[in-house]
$ cat entry.cif   # mmCIF, C-alpha atoms, pLDDT in the B column; chains and numbers go by the auth columns
data_final
loop_
_atom_site.group_PDB
_atom_site.id
_atom_site.type_symbol
_atom_site.label_atom_id
_atom_site.label_comp_id
_atom_site.label_asym_id
_atom_site.label_seq_id
_atom_site.Cartn_x
_atom_site.Cartn_y
_atom_site.Cartn_z
_atom_site.B_iso_or_equiv
_atom_site.auth_seq_id
_atom_site.auth_asym_id
ATOM 1 C CA MET A 1 12.952 61.179 -34.157 94.00 1 A
ATOM 2 C CA ARG A 2 9.391 60.673 -33.000 96.00 2 A
ATOM 3 C CA ASP A 3 10.300 61.017 -29.322 96.00 3 A
ATOM 4 C CA ALA A 4 12.176 64.256 -29.964 96.00 4 A
ATOM 5 C CA ILE A 5 9.933 66.239 -32.348 98.00 5 A
ATOM 6 C CA ALA A 6 6.495 64.646 -32.903 97.00 6 A
ATOM 7 C CA GLN A 7 4.830 66.838 -30.243 97.00 7 A
ATOM 8 C CA LEU A 8 5.605 70.083 -32.094 98.00 8 A
ATOM 9 C CA ASP A 9 3.011 72.085 -34.022 98.00 9 A
ATOM 10 C CA LYS A 10 2.652 71.260 -37.694 98.00 10 A
ATOM 11 C CA ILE A 11 4.068 74.023 -39.870 98.00 11 A
ATOM 12 C CA LYS A 12 4.603 74.520 -43.582 98.00 12 A
ATOM 13 C CA SER A 13 7.691 75.445 -45.570 98.00 13 A
ATOM 14 C CA GLY A 14 8.743 78.979 -44.632 97.00 14 A
ATOM 15 C CA GLU A 15 6.402 79.189 -41.628 97.00 15 A
ATOM 16 C CA SER A 16 6.876 79.584 -37.878 97.00 16 A
ATOM 17 C CA SER A 17 4.724 78.148 -35.131 98.00 17 A
ATOM 18 C CA PRO A 18 2.554 80.767 -33.402 97.00 18 A
ATOM 19 C CA ASN A 19 3.585 79.111 -30.118 96.00 19 A
ATOM 20 C CA ASP A 20 7.364 79.053 -30.684 97.00 20 A
ATOM 21 C CA PHE A 21 9.106 81.384 -33.121 97.00 21 A
ATOM 22 C CA ILE A 22 12.192 79.106 -33.089 98.00 22 A
ATOM 23 C CA HIS A 23 10.009 76.365 -34.592 98.00 23 A
ATOM 24 C CA LYS A 24 10.529 77.897 -38.021 98.00 24 A
ATOM 25 C CA ALA A 25 11.220 76.073 -41.292 98.00 25 A
ATOM 26 C CA SER A 26 13.180 77.408 -44.237 97.00 26 A
ATOM 27 C CA LYS A 27 11.192 78.353 -47.332 97.00 27 A
ATOM 28 C CA LEU A 28 11.444 75.791 -50.115 97.00 28 A
ATOM 29 C CA SER A 29 11.284 76.729 -53.777 96.00 29 A
ATOM 30 C CA ASP A 30 8.469 75.277 -55.884 96.00 30 A
ATOM 31 C CA LYS A 31 10.927 72.753 -57.395 95.00 31 A
ATOM 32 C CA ASN A 32 12.136 71.675 -53.940 95.00 32 A
ATOM 33 C CA LEU A 33 8.540 71.318 -52.765 96.00 33 A
ATOM 34 C CA GLN A 34 7.988 68.935 -55.686 96.00 34 A
ATOM 35 C CA ARG A 35 11.150 67.058 -54.680 94.00 35 A
ATOM 36 C CA ILE A 36 10.213 66.696 -50.997 95.00 36 A
ATOM 37 C CA ARG A 37 6.721 65.516 -51.970 96.00 37 A
ATOM 38 C CA GLN A 38 8.294 62.675 -53.956 95.00 38 A
ATOM 39 C CA SER A 39 10.763 61.815 -51.200 94.00 39 A
ATOM 40 C CA ILE A 40 9.999 58.748 -49.114 93.00 40 A
ATOM 41 C CA PRO A 41 11.269 58.630 -45.495 93.00 41 A
ATOM 42 C CA GLY A 42 14.628 56.851 -45.619 91.00 42 A
ATOM 43 C CA GLY A 43 14.491 56.793 -49.426 90.00 43 A
ATOM 44 C CA SER A 44 16.644 58.472 -52.029 87.00 44 A
ATOM 45 C CA TRP A 45 16.233 61.010 -54.806 89.00 45 A
ATOM 46 C CA LYS A 46 17.919 58.401 -56.991 84.00 46 A
ATOM 47 C CA ARG A 47 15.020 55.954 -56.614 87.00 47 A
ATOM 48 C CA ASP A 48 12.071 58.140 -55.618 91.00 48 A
ATOM 49 C CA TRP A 49 12.058 61.147 -57.921 90.00 49 A
ATOM 50 C CA ASP A 50 10.820 61.649 -61.438 90.00 50 A
ATOM 51 C CA GLU A 51 13.718 62.185 -63.834 90.00 51 A
ATOM 52 C CA ASP A 52 12.887 65.875 -64.416 91.00 52 A
ATOM 53 C CA LEU A 53 13.393 66.629 -60.691 92.00 53 A
ATOM 54 C CA LYS A 54 16.921 65.226 -60.559 87.00 54 A
ATOM 55 C CA LEU A 55 19.754 67.736 -60.628 85.00 55 A
ATOM 56 C CA ALA A 56 22.249 67.638 -63.509 84.00 56 A
ATOM 57 C CA CYS A 57 25.175 67.199 -61.102 82.00 57 A
ATOM 58 C CA HIS A 58 23.552 64.052 -59.652 77.00 58 A
ATOM 59 C CA LYS A 59 23.317 62.464 -63.079 78.00 59 A
ATOM 60 C CA LYS A 60 27.130 62.485 -63.325 79.00 60 A
ATOM 61 C CA SER A 61 28.974 59.475 -61.921 75.00 61 A
ATOM 62 C CA GLN A 62 30.414 61.314 -58.891 71.00 62 A
ATOM 63 C CA GLY A 63 26.990 62.805 -58.079 66.00 63 A
ATOM 64 C CA GLN A 64 25.452 59.349 -57.817 71.00 64 A
ATOM 65 C CA THR A 65 27.132 58.787 -54.445 73.00 65 A
ATOM 66 C CA TYR A 66 25.260 61.540 -52.568 76.00 66 A
ATOM 67 C CA VAL A 67 22.009 59.633 -52.180 80.00 67 A
ATOM 68 C CA SER A 68 20.923 61.031 -48.816 82.00 68 A
ATOM 69 C CA ILE A 69 20.691 64.706 -49.824 87.00 69 A
ATOM 70 C CA TYR A 70 17.124 65.902 -50.275 90.00 70 A
ATOM 71 C CA GLY A 71 16.083 62.913 -48.159 92.00 71 A
ATOM 72 C CA ARG A 72 13.451 62.587 -45.479 94.00 72 A
ATOM 73 C CA MET A 73 14.183 61.320 -41.999 96.00 73 A
ATOM 74 C CA LYS A 74 12.325 58.285 -40.636 96.00 74 A
ATOM 75 C CA TRP A 75 10.119 58.606 -37.564 97.00 75 A
ATOM 76 C CA ASP A 76 11.256 55.560 -35.657 96.00 76 A
ATOM 77 C CA GLU A 77 14.986 55.760 -36.301 95.00 77 A
ATOM 78 C CA PRO A 78 17.718 58.010 -34.926 95.00 78 A
ATOM 79 C CA SER A 79 18.172 61.265 -36.771 94.00 79 A
ATOM 80 C CA PRO A 80 21.239 61.860 -38.907 93.00 80 A
ATOM 81 C CA THR A 81 24.048 63.917 -37.426 94.00 81 A
ATOM 82 C CA MET A 82 23.114 67.583 -37.354 95.00 82 A
ATOM 83 C CA THR A 83 25.515 69.683 -39.424 94.00 83 A
ATOM 84 C CA THR A 84 26.015 73.369 -40.200 91.00 84 A
ATOM 85 C CA PHE A 85 23.157 73.483 -42.721 91.00 85 A
ATOM 86 C CA CYS A 86 20.851 70.953 -41.067 95.00 86 A
ATOM 87 C CA THR A 87 17.727 72.991 -41.825 97.00 87 A
ATOM 88 C CA GLY A 88 18.057 72.665 -45.602 95.00 88 A
ATOM 89 C CA ILE A 89 16.976 69.605 -47.561 93.00 89 A
ATOM 90 C CA GLY A 90 19.802 69.957 -50.095 90.00 90 A
ATOM 91 C CA ASN A 91 22.433 69.420 -47.403 90.00 91 A
ATOM 92 C CA GLY A 92 21.595 65.920 -46.224 90.00 92 A
ATOM 93 C CA ARG A 93 18.692 63.832 -45.016 93.00 93 A
ATOM 94 C CA PHE A 94 17.040 66.801 -43.299 96.00 94 A
ATOM 95 C CA GLY A 95 13.511 66.523 -44.689 96.00 95 A
ATOM 96 C CA HIS A 96 10.738 66.225 -42.106 97.00 96 A
ATOM 97 C CA PRO A 97 9.378 62.645 -41.934 97.00 97 A
ATOM 98 C CA GLU A 98 5.870 63.625 -43.059 96.00 98 A
ATOM 99 C CA GLN A 99 5.490 67.388 -43.481 98.00 99 A
ATOM 100 C CA ASP A 100 6.621 68.745 -46.859 97.00 100 A
ATOM 101 C CA ARG A 101 9.542 70.816 -45.602 97.00 101 A
ATOM 102 C CA ALA A 102 12.997 70.685 -44.079 97.00 102 A
ATOM 103 C CA ILE A 103 13.270 70.339 -40.311 98.00 103 A
ATOM 104 C CA SER A 104 12.797 73.524 -38.332 98.00 104 A
ATOM 105 C CA LEU A 105 15.324 75.265 -36.150 98.00 105 A
ATOM 106 C CA ARG A 106 13.545 73.958 -33.027 98.00 106 A
ATOM 107 C CA GLU A 107 13.466 70.418 -34.390 98.00 107 A
ATOM 108 C CA ALA A 108 17.193 70.553 -35.150 98.00 108 A
ATOM 109 C CA ALA A 109 17.832 71.882 -31.638 98.00 109 A
ATOM 110 C CA LEU A 110 15.759 69.125 -30.028 98.00 110 A
ATOM 111 C CA LEU A 111 17.566 66.498 -32.095 98.00 111 A
ATOM 112 C CA GLN A 112 20.840 67.974 -30.795 97.00 112 A
ATOM 113 C CA SER A 113 19.412 67.523 -27.235 97.00 113 A
ATOM 114 C CA PHE A 114 18.845 71.198 -26.440 98.00 114 A
ATOM 115 C CA PRO A 115 15.907 71.496 -24.020 97.00 115 A
ATOM 116 C CA MET A 116 12.562 72.585 -25.453 97.00 116 A
ATOM 117 C CA ASP A 117 12.612 75.832 -23.485 95.00 117 A
ATOM 118 C CA TYR A 118 16.147 76.811 -24.492 96.00 118 A
ATOM 119 C CA LYS A 119 16.210 80.424 -25.689 91.00 119 A
ATOM 120 C CA PHE A 120 18.654 81.027 -28.494 96.00 120 A
ATOM 121 C CA VAL A 121 17.437 84.591 -29.043 96.00 121 A
ATOM 122 C CA GLU A 122 15.051 86.847 -27.137 95.00 122 A
ATOM 123 C CA SER A 123 12.575 87.749 -29.878 95.00 123 A
ATOM 124 C CA PRO A 124 11.594 86.951 -33.474 96.00 124 A
ATOM 125 C CA GLU A 125 13.295 90.187 -34.535 96.00 125 A
ATOM 126 C CA ASP A 126 16.617 88.860 -33.214 97.00 126 A
ATOM 127 C CA LEU A 127 16.319 85.602 -35.181 96.00 127 A
ATOM 128 C CA ILE A 128 18.744 85.286 -38.092 97.00 128 A
ATOM 129 C CA PHE A 129 17.784 81.930 -39.599 97.00 129 A
ATOM 130 C CA GLY A 130 21.107 80.946 -41.206 96.00 130 A
ATOM 131 C CA LYS A 131 23.147 82.041 -38.214 96.00 131 A
ATOM 132 C CA LEU A 132 21.012 80.063 -35.755 97.00 132 A
ATOM 133 C CA SER A 133 20.977 77.007 -38.039 97.00 133 A
ATOM 134 C CA LYS A 134 24.773 77.100 -38.097 96.00 134 A
ATOM 135 C CA HIS A 135 24.922 77.561 -34.322 96.00 135 A
ATOM 136 C CA ILE A 136 22.676 74.538 -33.726 97.00 136 A
ATOM 137 C CA GLY A 137 24.330 72.312 -36.338 96.00 137 A
ATOM 138 C CA ASN A 138 27.855 73.066 -35.116 96.00 138 A
ATOM 139 C CA ALA A 139 27.018 72.648 -31.428 96.00 139 A
ATOM 140 C CA LEU A 140 28.241 69.821 -29.271 95.00 140 A
ATOM 141 C CA PRO A 141 24.987 68.194 -28.176 96.00 141 A
ATOM 142 C CA PRO A 142 24.337 69.367 -24.597 96.00 142 A
ATOM 143 C CA LYS A 143 23.619 65.841 -23.320 96.00 143 A
ATOM 144 C CA LEU A 144 26.938 64.638 -24.761 96.00 144 A
ATOM 145 C CA GLY A 145 28.712 67.547 -23.038 96.00 145 A
ATOM 146 C CA GLU A 146 27.023 66.604 -19.770 97.00 146 A
ATOM 147 C CA ILE A 147 28.144 62.974 -20.052 97.00 147 A
ATOM 148 C CA ILE A 148 31.717 63.992 -20.893 97.00 148 A
ATOM 149 C CA GLY A 149 31.756 66.420 -17.950 96.00 149 A
ATOM 150 C CA LYS A 150 30.501 63.752 -15.539 97.00 150 A
ATOM 151 C CA SER A 151 33.107 61.317 -16.843 97.00 151 A
ATOM 152 C CA ILE A 152 35.907 63.858 -16.265 96.00 152 A
ATOM 153 C CA ILE A 153 34.679 64.583 -12.726 94.00 153 A
ATOM 154 C CA LYS A 154 34.490 60.843 -11.964 95.00 154 A
ATOM 155 C CA HIS A 155 38.009 60.312 -13.304 96.00 155 A
ATOM 156 C CA LEU A 156 39.388 63.227 -11.271 95.00 156 A
ATOM 157 C CA LYS A 157 37.716 61.988 -8.071 94.00 157 A
ATOM 158 C CA GLU A 158 39.113 58.480 -8.599 94.00 158 A
ATOM 159 C CA SER A 159 42.595 59.685 -9.573 94.00 159 A
ATOM 160 C CA PHE A 160 42.964 62.494 -7.038 92.00 160 A
ATOM 161 C CA PRO A 161 40.732 61.598 -4.064 89.00 161 A
ATOM 162 C CA LYS A 162 42.728 63.664 -1.561 84.00 162 A
ATOM 163 C CA ILE A 163 42.533 66.839 -3.643 78.00 163 A
ATOM 164 C CA LEU A 164 38.884 66.645 -4.524 68.00 164 A
#
$ encode --input "entry.cif" --output "structure tokens"
Amino acid sequence: MRDAIAQLDKIKSGESSPNDFIHKASKLSDKNLQRIRQSIPGGSWKRDWDEDLKLACHKKSQGQTYVSIYGRMKWDEPSPTMTTFCTGIGNGRFGHPEQDRAISLREAALLQSFPMDYKFVESPEDLIFGKLSKHIGNALPPKLGEIIGKSIIKHLKESFPKIL
């Protein structure tokens, strides 16, 4: 986590960096701001939150099993797998390790191994937050694609040396 995103500008819930409009965080409600402020990196809503912040569905027996939602990531550990809604704290452990917000679009992209200068859209006006979040979360990480591609090329060269 630290290696991938610590160098980025600090931003607040709902804000964008003046230096990178993709480094934008979703806006949290007042209740979710209270929740993220009580969330400890690597912790759980089940242990960390005051009772009045817990959702009714999590008080039921089946809701007790989803302990990582609304969670914060830890700086010196790998990030969780990015998913479709990886920029929302209610969808997994997607809270920033120290800033009171969910991870930004740029942070999610960096954690997926997209390069820092990758342009998803040309301008802030073209940015549709939910669409880009889905695009990033559903993507095959570029570095994984590169490794798979190299492995296929190596296999083809070894298996068909006369053709290639």
$ residues_around --input "entry.cif" --residues "Ala25 in chain A" --least-positions-apart "5" --cutoff "10 Å" --atoms "all atoms listed in the file" --output "ChimeraX atom specification"
/A:11-17,87-88,96,101-107,129
$ resolve_selection --input "entry.cif" --expression "the PyMOL selection byres ((chain A and resi 94) around 9)" --output "MDAnalysis selection string"
chainID A and resid 68:73 79:80 82 86:93 95:97 101:103 108
$ write_last_selection --input "entry.cif" --atoms "C-alpha atoms" --output "PDB file, keeping the file's coordinate frame"
ATOM      1  CA  SER A  68      20.923  61.031 -48.816  1.00 82.00           C
ATOM      2  CA  ILE A  69      20.691  64.706 -49.824  1.00 87.00           C
ATOM      3  CA  TYR A  70      17.124  65.902 -50.275  1.00 90.00           C
ATOM      4  CA  GLY A  71      16.083  62.913 -48.159  1.00 92.00           C
ATOM      5  CA  ARG A  72      13.451  62.587 -45.479  1.00 94.00           C
ATOM      6  CA  MET A  73      14.183  61.320 -41.999  1.00 96.00           C
ATOM      7  CA  SER A  79      18.172  61.265 -36.771  1.00 94.00           C
ATOM      8  CA  PRO A  80      21.239  61.860 -38.907  1.00 93.00           C
ATOM      9  CA  MET A  82      23.114  67.583 -37.354  1.00 95.00           C
ATOM     10  CA  CYS A  86      20.851  70.953 -41.067  1.00 95.00           C
ATOM     11  CA  THR A  87      17.727  72.991 -41.825  1.00 97.00           C
ATOM     12  CA  GLY A  88      18.057  72.665 -45.602  1.00 95.00           C
ATOM     13  CA  ILE A  89      16.976  69.605 -47.561  1.00 93.00           C
ATOM     14  CA  GLY A  90      19.802  69.957 -50.095  1.00 90.00           C
ATOM     15  CA  ASN A  91      22.433  69.420 -47.403  1.00 90.00           C
ATOM     16  CA  GLY A  92      21.595  65.920 -46.224  1.00 90.00           C
ATOM     17  CA  ARG A  93      18.692  63.832 -45.016  1.00 93.00           C
ATOM     18  CA  GLY A  95      13.511  66.523 -44.689  1.00 96.00           C
ATOM     19  CA  HIS A  96      10.738  66.225 -42.106  1.00 97.00           C
ATOM     20  CA  PRO A  97       9.378  62.645 -41.934  1.00 97.00           C
ATOM     21  CA  ARG A 101       9.542  70.816 -45.602  1.00 97.00           C
ATOM     22  CA  ALA A 102      12.997  70.685 -44.079  1.00 97.00           C
ATOM     23  CA  ILE A 103      13.270  70.339 -40.311  1.00 98.00           C
ATOM     24  CA  ALA A 108      17.193  70.553 -35.150  1.00 98.00           C
TER      25      ALA A 108
END
$ closest_residue --input "entry.cif" --among "A:Ile152, A:Cys57, A:Leu8, A:Val67" --to "Ile22 in chain A" --atoms "all atoms listed in the file"
A:Leu8
$ resolve_selection --input "entry.cif" --expression "the PyMOL selection byres ((chain A and resi 116) around 12)" --output "list in words"
Ala4, Ile5, Gln7, Leu8, Asp20, Ile22, His23, Leu105, Arg106, Glu107, Ala108, Ala109, Leu110, Leu111, Gln112, Ser113, Phe114, Pro115, Asp117, Tyr118, Lys119 and Phe120 of chain A
$ closest_residue --input "entry.cif" --among "A:Leu156, A:His58, A:Lys134, A:Ala139" --to "Ser44 in chain A" --atoms "only C-alpha atoms"
A:His58
$ closest_residue --input "entry.cif" --among "A:Lys74, A:Lys131, A:Lys60, A:Lys24" --to "Ile40 in chain A" --atoms "only C-alpha atoms"
A:Lys74
$ closest_residue --input "entry.cif" --among "A:Trp45, A:Tyr66, A:Phe85, A:Trp75" --to "His135 in chain A" --atoms "all atoms listed in the file"
A:Phe85
$ residues_around --input "entry.cif" --residues "Arg35 in chain A" --least-positions-apart "2" --cutoff "10 Å" --atoms "all atoms listed in the file" --output "list in words"
Leu28, Ser29, Asp30, Lys31, Asn32, Leu33, Arg37, Gln38, Ser39, Trp45, Asp48, Trp49, Asp50, Asp52, Leu53, Lys54, Tyr70, Gly71, Ile89, Asp100 and Arg101 of chain A
$ atom_distance --input "entry.cif" --atom1 "CA of Val121 in chain A" --atom2 "CA of Asn138 in chain A"
16.7 Å
$ atom_distance --input "entry.cif" --atom1 "CA of Ile36 in chain A" --atom2 "CA of Gly137 in chain A"
21.1 Å
$ atom_distance --input "entry.cif" --atom1 "CA of His155 in chain A" --atom2 "CA of Pro78 in chain A"
29.7 Å
$ closest_residue --input "entry.cif" --among "A:Ile128, A:Ile136, A:Ile163, A:Ile147" --to "Ser26 in chain A" --atoms "all atoms listed in the file"
A:Ile128
$ axis_aligned_box --input "entry.cif" --around "range 27-32 of chain A" --padding-each-side "8 Å" --output "AutoDock Vina command-line options"
--center_x 10.3 --center_y 75.0 --center_z -52.4 --size_x 19.7 --size_y 22.7 --size_z 26.1
$ residues_near_point --input "entry.cif" --point "(0.9, 75.1, -33.4)" --cutoff "6 Å" --atoms "only C-alpha atoms" --output "number ranges by chain"
A: 9, 17-19
$ decode --input "entry.cif" --residues "range 76-107 of chain A" --atoms "N, CA and C atoms" --output "compact mmCIF listing (two decimals), in the first residue's frame"
# COMPACT_ATOMS: atom_id res chain seq x y z
N ASP A 76 1.41 -1.04 5.49
CA ASP A 76 2.53 -1.93 5.16
C ASP A 76 2.11 -3.36 4.88
N GLU A 77 0.93 -3.50 4.29
CA GLU A 77 0.44 -4.81 3.85
C GLU A 77 -0.09 -4.66 2.42
N PRO A 78 -0.22 -5.78 1.72
CA PRO A 78 -0.82 -5.70 0.38
C PRO A 78 -2.27 -5.21 0.49
N SER A 79 -2.71 -4.57 -0.55
CA SER A 79 -4.10 -4.11 -0.58
C SER A 79 -5.02 -5.30 -0.80
N PRO A 80 -6.30 -5.14 -0.47
CA PRO A 80 -7.25 -6.20 -0.85
C PRO A 80 -7.43 -6.19 -2.37
N THR A 81 -8.05 -7.21 -2.87
CA THR A 81 -8.36 -7.27 -4.30
C THR A 81 -9.31 -6.14 -4.66
N MET A 82 -8.99 -5.41 -5.72
CA MET A 82 -9.87 -4.35 -6.18
C MET A 82 -11.08 -5.00 -6.86
N THR A 83 -12.24 -4.49 -6.57
CA THR A 83 -13.49 -5.01 -7.12
C THR A 83 -14.27 -3.88 -7.79
N THR A 84 -15.41 -4.20 -8.35
CA THR A 84 -16.22 -3.22 -9.07
C THR A 84 -16.42 -1.92 -8.30
N PHE A 85 -16.72 -2.01 -7.03
CA PHE A 85 -17.01 -0.81 -6.23
C PHE A 85 -15.91 -0.53 -5.21
N CYS A 86 -14.66 -0.60 -5.68
CA CYS A 86 -13.51 -0.47 -4.79
C CYS A 86 -13.28 0.94 -4.25
N THR A 87 -14.05 1.89 -4.67
CA THR A 87 -13.89 3.27 -4.18
C THR A 87 -14.98 3.65 -3.18
N GLY A 88 -15.65 2.64 -2.63
CA GLY A 88 -16.68 2.87 -1.61
C GLY A 88 -16.38 2.06 -0.36
N ILE A 89 -16.46 2.68 0.79
CA ILE A 89 -16.09 1.97 2.02
C ILE A 89 -17.09 0.88 2.40
N GLY A 90 -18.31 0.96 1.92
CA GLY A 90 -19.31 -0.05 2.26
C GLY A 90 -19.21 -1.32 1.43
N ASN A 91 -18.20 -1.41 0.58
CA ASN A 91 -18.07 -2.54 -0.33
C ASN A 91 -16.88 -3.44 -0.03
N GLY A 92 -16.18 -3.16 1.02
CA GLY A 92 -15.01 -3.96 1.38
C GLY A 92 -14.06 -3.12 2.21
N ARG A 93 -12.84 -3.60 2.35
CA ARG A 93 -11.83 -2.87 3.11
C ARG A 93 -11.17 -1.87 2.17
N PHE A 94 -11.92 -0.81 1.83
CA PHE A 94 -11.45 0.19 0.87
C PHE A 94 -11.29 1.57 1.49
N GLY A 95 -11.19 1.63 2.82
CA GLY A 95 -10.92 2.89 3.49
C GLY A 95 -9.43 3.21 3.43
N HIS A 96 -9.12 4.48 3.19
CA HIS A 96 -7.71 4.91 3.16
C HIS A 96 -7.08 4.61 4.52
N PRO A 97 -5.79 4.23 4.55
CA PRO A 97 -5.15 3.88 5.82
C PRO A 97 -5.15 4.98 6.88
N GLU A 98 -5.11 6.26 6.46
CA GLU A 98 -5.09 7.31 7.48
C GLU A 98 -6.00 8.50 7.20
N GLN A 99 -6.33 8.75 5.95
CA GLN A 99 -7.24 9.85 5.63
C GLN A 99 -8.68 9.36 5.77
N ASP A 100 -9.55 10.20 6.29
CA ASP A 100 -10.94 9.80 6.56
C ASP A 100 -11.78 9.81 5.29
N ARG A 101 -11.57 8.77 4.47
CA ARG A 101 -12.27 8.65 3.20
C ARG A 101 -12.00 7.27 2.61
N ALA A 102 -12.73 6.96 1.55
CA ALA A 102 -12.45 5.76 0.77
C ALA A 102 -11.27 6.06 -0.15
N ILE A 103 -10.66 5.03 -0.70
CA ILE A 103 -9.56 5.27 -1.64
C ILE A 103 -10.09 5.99 -2.88
N SER A 104 -9.21 6.73 -3.49
CA SER A 104 -9.57 7.50 -4.69
C SER A 104 -9.49 6.62 -5.93
N LEU A 105 -9.99 7.14 -7.02
CA LEU A 105 -9.88 6.45 -8.29
C LEU A 105 -8.41 6.20 -8.65
N ARG A 106 -7.56 7.21 -8.48
CA ARG A 106 -6.14 7.06 -8.80
C ARG A 106 -5.50 6.02 -7.89
N GLU A 107 -5.83 6.04 -6.62
CA GLU A 107 -5.26 5.05 -5.70
C GLU A 107 -5.67 3.64 -6.10
